[in-house]
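Have a look at the structure below, then the notes.
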Amino acid sequence: MTSSGRSDRAAAPRAAYKILVAGGFGTGKTTMVGAVSEIRPLRTEESITEASAGVDDLSELERKSTTTVAMDFGRITLGDGLAVYLFGTPGQERFWFMWEELARGALGAVVVVDTRRISASFASLDYFEQRAEPFVIAVNRFEGSVEYTEEEIRTALDTDPEVPIVLFDARDRESAKFVLVELLDHAISRPREVPAGL
Amino acid sequence: MSGRRERWLDEDAGPLVRPYAITRGRTRARGAALDLVTILVAAEGPAAPRSGLSPEHQRVLRLCRAPHTLVDLASRLELPLGVIRVLVDELLEPGLLRVETPAPTALPDLDVLRRIRDELRTI
């Protein structure tokens with residue numbers, strides 16, 4: 001017997017990996033998680049009673065170390081017992097305390113950017129630029145937004161040339177999947193530190 | 001008394017029982033903090049129903065006959081992560097639940113990364 005009948009096959013991972021989906025409010029993080037997740041994305045939250053508040057719109061929330069903020073969670077089950085979990089988290093600096101745990105051991109992060117409000121994703125970029133985990137910048141192409149070239153976006157974001165920039169549509173599964181593949185490619189190709197003591 | 005299991009008004013309303021009622025007042029797990037993707041499984045052997053286990057404890061144990069991550073449990077039981085942490089902690093302590101696979105603490109090997117990438121391409 002592998003699992004109970006009601007239990008979906010996906011619920012028995014042998015190895016589980018995390019990918020963070022970061023970015024400013026309204027950039028499309030939740031949409032992206034929903035586009036690639038095999039389960040209806042879960043919005044989970046702790047200690048927040050104002051459940052109707054948008055996932056990022058928690059401006060009155062005080063920073064407390066015991067509070068975990070709303071976050072979107074999705075899952076992709078791969079072959080061989082591998083499972084990838086996506087976590088969409090609010091990007092503002094005051095939520096960084098909860099990112100530490102999320103980012104530890106993560107495959108990396110996708111920082112979603114809306115070209116109409118690039119500054120909304122600055123805090124997320126700042127965070128991952130100072131961490132070791134690989135990340136890619138995913139530019140969500142909203143209808144009606146001006147098309148920029150990768151170079152223009154890179155200049156506007158003032159980001160290192162080695163950080164990949166991908167243009168995508170957060171609503172589209174294939175497109176969102178492509179962003180994840182790019183992140184893995186980036187994680188594979190970038191130089192790694194050799195772990196000490198091996 | 002909450003009856004056999006908490007009832008739901010609808011998805012948005014959530015359970016009609018306060019989280020701290022489910023955890024009997026505990027708001028924090030005592031043990032080492034588990035990662036969201038720590039894989040948990042019920043201890044083997046005959047499922048010995050322990051007195052003192054709440055319906056939620058038993059649901060965790062039932063689900064964990066197959067390995068589940070912490071966040072999977074929150075999703076399946078539709079309970080906040082903080083509540084799941086406390087429940088899991090209380091089941092780990094007497095050995096009814098065990099950690100099957102700890103969450104990775106570093107980027108996996110290139111082999112694993114390539115496998116994940118190639119698998120992602122095919123989904």
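Identifiers in the structure tokens: chain A, B, ... in order shown; residue index from 1 per chain; ligand index from 1 in order shown.
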
Using only C-alpha atoms, find the residues of chain B whose closest atom to chain A is at most 10 Å away, then write them as a ChimeraX atom specification.
/B:12-14,19,27-28,33-41,62-69,71-76,78-83,100-123

For a test of reading the model, state the distance in Å between CA of Glu129 (chain A) and CA of Gly28 (chain A), rounded to one decimal.
20.5 Å

Two-atom distance - CA of Thr149 (chain A), CA of Ser124 (chain A) (Å)
21.2 Å

Exercise: Asp158 (chain A) partners within 12 Å, only C-alpha atoms, chain neighbours under 6 positions left out, as a compact mmCIF listing (two decimals) with C-alpha atoms, in the first residue's frame:
```txt
# COMPACT_ATOMS: atom_id res chain seq x y z
CA ILE A 118 9.60 48.63 -10.66
CA SER A 119 10.35 50.11 -7.25
CA PHE A 122 13.40 46.73 -4.94
CA LEU A 125 15.96 42.37 -4.99
CA ASP A 126 17.96 43.89 -2.16
CA GLU A 129 21.37 40.24 -3.76
CA ILE A 137 14.23 38.32 -12.12
CA GLU A 150 16.11 43.33 -21.06
CA GLU A 151 18.87 45.94 -21.09
CA GLU A 152 16.48 48.73 -20.19
CA ILE A 165 16.14 38.48 -16.47
```
